[in-house]
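Worksheet for the structure shown next.
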Amino acid sequence: MDGKAGVGRSVVMPTRTVPECDLVYDRPVLDRPPTLDRLVALVPVRGLEGAKSRLGEALDAEERRTLVEHLLVRTVAAAAATPAVVEVLAISPDPDVLALARTLGARGIIQERGGLNEALDIGRAAAVAAGADAVLVVPGDLPAVTAAELARIVDRARAHLGWPGTREAGSLALVALVTDRAGTGTNVLLVAPPDAIAFHFGEGSRDLHAGAAHAAGAAYLEIAGPLDLDLDTPDDLLVAEAAWLGALRTELP
């Protein structure tokens, strides 16, 4: 898909304003198909101290911190090695997280307030300022994350947009996601253009993101795969170890 764009009619995206990030979701966008030529990965991480407290039954505080560090390294390395990704942005209120991310080649962005959605708004604003035409949200708690799997997600999204005869072919925006194991949450989210929809991470985010995509007239795609597993509970840790990540616990000191 070439990057040429003619001026045509415009569409109006759902209304949401984020003044601190200079993003307004009701502004018009040009009538042209989305591209994934400048895809920026957003990696939000809450922090290292007290991280993953719900894993407390299985791991002590030091082990949980080490696990978060290990997953952050894997996530940033995987995103940076994904051919379509031109930059990786790590967003966190924790300076230690940002320092570690920078050693891996990511750009660290401090989050001064708010939760996950606010962190992603900050990251998206930075991505847009750098010329991104799409963002890929990859939380730092997916044990199966690899460059190959992220590349497969991007390739599926590209194919979905351009597949002849599909309802979405020629759409002006794209929302693609990987749900969690329960099918109600969102583990990975690709949005093109970056401000096509607002972020709705939290309880019921799968339905909220799907609804936002529909309201925006965006092509919508759900992609199955190993990234449906995130590490939130001891049961998640057991599933990861039993499936294909048996080394996960042994990698911890």
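Chains: A, B, ... in order of the structure tokens. Residues: from 1 per chain. Ligands: from 1, in order shown.
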
All helix (DSSP H, G or I) positions in range 156-240 of chain A, as a PyMOL selection string: chain A and resi 156-162+205-215+226-228+234-240

For range 122-173 of chain A against range 198-218 of chain A, with a cut-off of 7 Å and counting only C-alpha atoms, what is the closest atom pair and its distance in Å to one decimal for every residue that makes the cut, ordered by chain and number, as a tab-separated table?
```
residue	atom	partner	partner_atom	distance
A:Ser171	CA	A:Ala218	CA	6.0
A:Leu172	CA	A:Ala218	CA	6.3
A:Ala173	CA	A:Ala218	CA	4.5
```

Applying 12 Å and only C-alpha atoms, which residues near range 219-225 of chain A remain after dropping the ones on its own chain fewer than 6 positions away? List them as a PDB file with N, CA and C atoms, in the first residue's frame.
```pdb
ATOM      1  N   PRO A  33      -7.017   5.396   3.239  1.00  0.00           N
ATOM      2  CA  PRO A  33      -6.870   4.187   4.053  1.00  0.00           C
ATOM      3  C   PRO A  33      -5.712   4.321   5.024  1.00  0.00           C
ATOM      4  N   PRO A  34      -5.806   3.667   6.179  1.00  0.00           N
ATOM      5  CA  PRO A  34      -4.699   3.720   7.142  1.00  0.00           C
ATOM      6  C   PRO A  34      -3.499   2.942   6.629  1.00  0.00           C
ATOM      7  N   LEU A 142       3.208 -10.059  29.192  1.00  0.00           N
ATOM      8  CA  LEU A 142       2.820 -11.145  28.295  1.00  0.00           C
ATOM      9  C   LEU A 142       3.993 -12.110  28.158  1.00  0.00           C
ATOM     10  N   ALA A 144       4.562 -14.803  26.579  1.00  0.00           N
ATOM     11  CA  ALA A 144       4.838 -15.422  25.285  1.00  0.00           C
ATOM     12  C   ALA A 144       5.236 -14.418  24.218  1.00  0.00           C
ATOM     13  N   VAL A 145       5.506 -13.183  24.596  1.00  0.00           N
ATOM     14  CA  VAL A 145       5.791 -12.162  23.590  1.00  0.00           C
ATOM     15  C   VAL A 145       7.093 -12.467  22.847  1.00  0.00           C
ATOM     16  N   THR A 146       7.035 -12.375  21.531  1.00  0.00           N
ATOM     17  CA  THR A 146       8.206 -12.530  20.669  1.00  0.00           C
ATOM     18  C   THR A 146       8.049 -11.597  19.486  1.00  0.00           C
ATOM     19  N   ALA A 148       8.414 -12.487  16.451  1.00  0.00           N
ATOM     20  CA  ALA A 148       7.683 -13.237  15.423  1.00  0.00           C
ATOM     21  C   ALA A 148       6.176 -13.136  15.631  1.00  0.00           C
ATOM     22  N   GLU A 149       5.731 -13.217  16.885  1.00  0.00           N
ATOM     23  CA  GLU A 149       4.300 -13.152  17.151  1.00  0.00           C
ATOM     24  C   GLU A 149       3.763 -11.741  16.910  1.00  0.00           C
ATOM     25  N   LEU A 150       4.510 -10.725  17.299  1.00  0.00           N
ATOM     26  CA  LEU A 150       4.075  -9.359  17.017  1.00  0.00           C
ATOM     27  C   LEU A 150       4.043  -9.097  15.515  1.00  0.00           C
ATOM     28  N   ARG A 152       3.448 -11.306  13.247  1.00  0.00           N
ATOM     29  CA  ARG A 152       2.274 -12.010  12.718  1.00  0.00           C
ATOM     30  C   ARG A 152       1.010 -11.187  12.919  1.00  0.00           C
ATOM     31  N   ILE A 153       0.901 -10.533  14.069  1.00  0.00           N
ATOM     32  CA  ILE A 153      -0.265  -9.692  14.331  1.00  0.00           C
ATOM     33  C   ILE A 153      -0.317  -8.529  13.338  1.00  0.00           C
ATOM     34  N   VAL A 154       0.818  -7.893  13.109  1.00  0.00           N
ATOM     35  CA  VAL A 154       0.865  -6.781  12.159  1.00  0.00           C
ATOM     36  C   VAL A 154       0.532  -7.271  10.746  1.00  0.00           C
ATOM     37  N   ASP A 155       1.060  -8.405  10.363  1.00  0.00           N
ATOM     38  CA  ASP A 155       0.775  -8.943   9.029  1.00  0.00           C
ATOM     39  C   ASP A 155      -0.705  -9.276   8.870  1.00  0.00           C
ATOM     40  N   ARG A 156      -1.314  -9.841   9.911  1.00  0.00           N
ATOM     41  CA  ARG A 156      -2.751 -10.136   9.846  1.00  0.00           C
ATOM     42  C   ARG A 156      -3.560  -8.851   9.705  1.00  0.00           C
ATOM     43  N   ALA A 157      -3.146  -7.811  10.413  1.00  0.00           N
ATOM     44  CA  ALA A 157      -3.862  -6.536  10.325  1.00  0.00           C
ATOM     45  C   ALA A 157      -3.754  -5.960   8.921  1.00  0.00           C
ATOM     46  N   ARG A 158      -2.555  -5.998   8.345  1.00  0.00           N
ATOM     47  CA  ARG A 158      -2.362  -5.489   6.977  1.00  0.00           C
ATOM     48  C   ARG A 158      -3.227  -6.273   5.986  1.00  0.00           C
ATOM     49  N   ALA A 159      -3.221  -7.589   6.126  1.00  0.00           N
ATOM     50  CA  ALA A 159      -3.992  -8.425   5.201  1.00  0.00           C
ATOM     51  C   ALA A 159      -5.483  -8.154   5.342  1.00  0.00           C
ATOM     52  N   HIS A 160      -5.937  -7.928   6.558  1.00  0.00           N
ATOM     53  CA  HIS A 160      -7.352  -7.672   6.789  1.00  0.00           C
ATOM     54  C   HIS A 160      -7.797  -6.383   6.117  1.00  0.00           C
ATOM     55  N   LEU A 161      -6.933  -5.394   6.141  1.00  0.00           N
ATOM     56  CA  LEU A 161      -7.267  -4.123   5.496  1.00  0.00           C
ATOM     57  C   LEU A 161      -7.358  -4.249   3.984  1.00  0.00           C
ATOM     58  N   GLY A 162      -6.429  -4.998   3.403  1.00  0.00           N
ATOM     59  CA  GLY A 162      -6.321  -5.009   1.958  1.00  0.00           C
ATOM     60  C   GLY A 162      -6.968  -6.174   1.255  1.00  0.00           C
ATOM     61  N   TRP A 163      -7.609  -7.074   2.017  1.00  0.00           N
ATOM     62  CA  TRP A 163      -8.169  -8.272   1.398  1.00  0.00           C
ATOM     63  C   TRP A 163      -9.344  -7.917   0.503  1.00  0.00           C
ATOM     64  N   THR A 166     -13.642  -7.862   1.225  1.00  0.00           N
ATOM     65  CA  THR A 166     -14.063  -7.818   2.615  1.00  0.00           C
ATOM     66  C   THR A 166     -14.765  -6.512   2.901  1.00  0.00           C
ATOM     67  N   ARG A 167     -15.604  -6.546   3.918  1.00  0.00           N
ATOM     68  CA  ARG A 167     -16.355  -5.342   4.276  1.00  0.00           C
ATOM     69  C   ARG A 167     -15.421  -4.227   4.704  1.00  0.00           C
ATOM     70  N   GLU A 168     -14.265  -4.621   5.293  1.00  0.00           N
ATOM     71  CA  GLU A 168     -13.356  -3.620   5.828  1.00  0.00           C
ATOM     72  C   GLU A 168     -12.411  -3.042   4.787  1.00  0.00           C
ATOM     73  N   ALA A 169     -12.310  -3.679   3.614  1.00  0.00           N
ATOM     74  CA  ALA A 169     -11.386  -3.167   2.609  1.00  0.00           C
ATOM     75  C   ALA A 169     -11.720  -1.713   2.297  1.00  0.00           C
ATOM     76  N   GLY A 170     -10.727  -0.844   2.340  1.00  0.00           N
ATOM     77  CA  GLY A 170     -10.948   0.562   2.077  1.00  0.00           C
ATOM     78  C   GLY A 170     -11.384   1.361   3.291  1.00  0.00           C
ATOM     79  N   SER A 171     -11.431   0.742   4.469  1.00  0.00           N
ATOM     80  CA  SER A 171     -11.799   1.476   5.686  1.00  0.00           C
ATOM     81  C   SER A 171     -10.774   2.563   5.982  1.00  0.00           C
ATOM     82  N   LEU A 172     -11.215   3.578   6.696  1.00  0.00           N
ATOM     83  CA  LEU A 172     -10.357   4.722   6.993  1.00  0.00           C
ATOM     84  C   LEU A 172      -9.606   4.569   8.308  1.00  0.00           C
ATOM     85  N   ALA A 173      -9.879   3.513   9.050  1.00  0.00           N
ATOM     86  CA  ALA A 173      -9.197   3.266  10.311  1.00  0.00           C
ATOM     87  C   ALA A 173      -9.196   1.770  10.580  1.00  0.00           C
ATOM     88  N   LEU A 174      -8.302   1.352  11.453  1.00  0.00           N
ATOM     89  CA  LEU A 174      -8.160  -0.066  11.785  1.00  0.00           C
ATOM     90  C   LEU A 174      -7.972  -0.214  13.287  1.00  0.00           C
ATOM     91  N   VAL A 175      -8.697  -1.157  13.860  1.00  0.00           N
ATOM     92  CA  VAL A 175      -8.497  -1.562  15.252  1.00  0.00           C
ATOM     93  C   VAL A 175      -8.365  -3.081  15.260  1.00  0.00           C
ATOM     94  N   ALA A 176      -7.219  -3.566  15.709  1.00  0.00           N
ATOM     95  CA  ALA A 176      -6.986  -5.011  15.808  1.00  0.00           C
ATOM     96  C   ALA A 176      -6.546  -5.318  17.219  1.00  0.00           C
ATOM     97  N   LEU A 177      -7.033  -6.426  17.770  1.00  0.00           N
ATOM     98  CA  LEU A 177      -6.653  -6.735  19.144  1.00  0.00           C
ATOM     99  C   LEU A 177      -6.557  -8.229  19.386  1.00  0.00           C
ATOM    100  N   VAL A 178      -5.807  -8.545  20.435  1.00  0.00           N
ATOM    101  CA  VAL A 178      -5.749  -9.885  20.995  1.00  0.00           C
ATOM    102  C   VAL A 178      -6.441  -9.820  22.347  1.00  0.00           C
ATOM    103  N   THR A 179      -7.452 -10.632  22.566  1.00  0.00           N
ATOM    104  CA  THR A 179      -8.143 -10.628  23.856  1.00  0.00           C
ATOM    105  C   THR A 179      -7.333 -11.400  24.891  1.00  0.00           C
ATOM    106  N   ASP A 180      -7.766 -11.302  26.140  1.00  0.00           N
ATOM    107  CA  ASP A 180      -7.187 -12.149  27.175  1.00  0.00           C
ATOM    108  C   ASP A 180      -7.835 -13.528  27.107  1.00  0.00           C
ATOM    109  N   ARG A 181      -7.420 -14.437  27.993  1.00  0.00           N
ATOM    110  CA  ARG A 181      -7.931 -15.809  27.946  1.00  0.00           C
ATOM    111  C   ARG A 181      -9.432 -15.872  28.181  1.00  0.00           C
ATOM    112  N   GLY A 183     -11.534 -13.698  27.157  1.00  0.00           N
ATOM    113  CA  GLY A 183     -12.240 -13.105  26.027  1.00  0.00           C
ATOM    114  C   GLY A 183     -12.920 -11.796  26.343  1.00  0.00           C
ATOM    115  N   THR A 184     -12.640 -11.217  27.498  1.00  0.00           N
ATOM    116  CA  THR A 184     -13.291  -9.966  27.889  1.00  0.00           C
ATOM    117  C   THR A 184     -12.330  -8.787  27.956  1.00  0.00           C
ATOM    118  N   GLY A 185     -11.040  -9.069  28.072  1.00  0.00           N
ATOM    119  CA  GLY A 185     -10.045  -8.010  28.166  1.00  0.00           C
ATOM    120  C   GLY A 185      -9.273  -7.848  26.878  1.00  0.00           C
ATOM    121  N   THR A 186      -8.321  -6.920  26.892  1.00  0.00           N
ATOM    122  CA  THR A 186      -7.484  -6.634  25.724  1.00  0.00           C
ATOM    123  C   THR A 186      -6.029  -6.783  26.129  1.00  0.00           C
ATOM    124  N   ASN A 187      -5.312  -7.692  25.473  1.00  0.00           N
ATOM    125  CA  ASN A 187      -3.902  -7.898  25.788  1.00  0.00           C
ATOM    126  C   ASN A 187      -2.960  -7.193  24.825  1.00  0.00           C
ATOM    127  N   VAL A 188      -3.340  -7.088  23.569  1.00  0.00           N
ATOM    128  CA  VAL A 188      -2.564  -6.352  22.561  1.00  0.00           C
ATOM    129  C   VAL A 188      -3.561  -5.547  21.740  1.00  0.00           C
ATOM    130  N   LEU A 189      -3.186  -4.313  21.398  1.00  0.00           N
ATOM    131  CA  LEU A 189      -4.096  -3.457  20.634  1.00  0.00           C
ATOM    132  C   LEU A 189      -3.315  -2.686  19.587  1.00  0.00           C
ATOM    133  N   LEU A 190      -3.764  -2.781  18.345  1.00  0.00           N
ATOM    134  CA  LEU A 190      -3.186  -2.010  17.243  1.00  0.00           C
ATOM    135  C   LEU A 190      -4.237  -1.026  16.750  1.00  0.00           C
ATOM    136  N   VAL A 191      -3.854   0.255  16.643  1.00  0.00           N
ATOM    137  CA  VAL A 191      -4.783   1.305  16.212  1.00  0.00           C
ATOM    138  C   VAL A 191      -4.130   2.136  15.115  1.00  0.00           C
ATOM    139  N   ALA A 192      -4.811   2.266  13.997  1.00  0.00           N
ATOM    140  CA  ALA A 192      -4.327   3.088  12.886  1.00  0.00           C
ATOM    141  C   ALA A 192      -5.506   3.840  12.271  1.00  0.00           C
ATOM    142  N   PRO A 193      -5.380   5.171  12.135  1.00  0.00           N
ATOM    143  CA  PRO A 193      -4.312   6.026  12.658  1.00  0.00           C
ATOM    144  C   PRO A 193      -4.293   6.000  14.180  1.00  0.00           C
ATOM    145  N   ALA A 196      -7.490   6.995  16.241  1.00  0.00           N
ATOM    146  CA  ALA A 196      -8.784   6.594  15.690  1.00  0.00           C
ATOM    147  C   ALA A 196      -9.815   6.343  16.780  1.00  0.00           C
ATOM    148  N   ILE A 197      -9.400   5.791  17.908  1.00  0.00           N
ATOM    149  CA  ILE A 197     -10.312   5.546  19.025  1.00  0.00           C
ATOM    150  C   ILE A 197      -9.616   5.912  20.329  1.00  0.00           C
ATOM    151  N   ARG A 206     -12.448  -5.425  25.950  1.00  0.00           N
ATOM    152  CA  ARG A 206     -12.639  -5.978  24.605  1.00  0.00           C
ATOM    153  C   ARG A 206     -13.894  -5.394  23.973  1.00  0.00           C
ATOM    154  N   ASP A 207     -15.020  -5.434  24.691  1.00  0.00           N
ATOM    155  CA  ASP A 207     -16.267  -4.899  24.149  1.00  0.00           C
ATOM    156  C   ASP A 207     -16.188  -3.394  23.943  1.00  0.00           C
ATOM    157  N   HIS A 209     -13.450  -1.575  23.273  1.00  0.00           N
ATOM    158  CA  HIS A 209     -12.641  -1.283  22.091  1.00  0.00           C
ATOM    159  C   HIS A 209     -13.381  -1.654  20.807  1.00  0.00           C
ATOM    160  N   ALA A 210     -14.102  -2.778  20.830  1.00  0.00           N
ATOM    161  CA  ALA A 210     -14.882  -3.171  19.650  1.00  0.00           C
ATOM    162  C   ALA A 210     -15.968  -2.135  19.356  1.00  0.00           C
ATOM    163  N   GLY A 211     -16.643  -1.661  20.405  1.00  0.00           N
ATOM    164  CA  GLY A 211     -17.672  -0.646  20.213  1.00  0.00           C
ATOM    165  C   GLY A 211     -17.110   0.658  19.699  1.00  0.00           C
ATOM    166  N   ALA A 212     -15.947   1.051  20.208  1.00  0.00           N
ATOM    167  CA  ALA A 212     -15.314   2.280  19.734  1.00  0.00           C
ATOM    168  C   ALA A 212     -14.922   2.157  18.272  1.00  0.00           C
ATOM    169  N   ALA A 213     -14.423   0.983  17.883  1.00  0.00           N
ATOM    170  CA  ALA A 213     -14.063   0.761  16.478  1.00  0.00           C
ATOM    171  C   ALA A 213     -15.293   0.864  15.585  1.00  0.00           C
TER     172      ALA A 213
END
```

Could you check which of A:Leu104, A:Ile91, A:Val68, A:Leu237 is closest to Ala119 in chain A, using only C-alpha atoms?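 With only C-alpha atoms as the atom set, the closest residue is A:Ile91.
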
Provide the CA of Asp94 in chain A to CA of Val40 in chain A distance in Å, to one decimal place.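 These atoms are spaced 21.1 Å apart.
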
Just give me the gap between CA of Leu120 in chain A and CA of Asp96 in chain A in Å, one decimal is fine.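 Computing it gives 18.6 Å between the two atoms.
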
When you count only C-alpha atoms, which of these residues is closest to Thr35 in chain A: A:Ala132, A:Ala182, A:Val239, A:Val86? A:Ala132

Which one is closest to Pro95 in chain A: A:Glu63, A:Glu49, A:Asp195, A:Asp133? Count only C-alpha atoms.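 Smallest separation from Pro95 in chain A among the options: A:Glu49.
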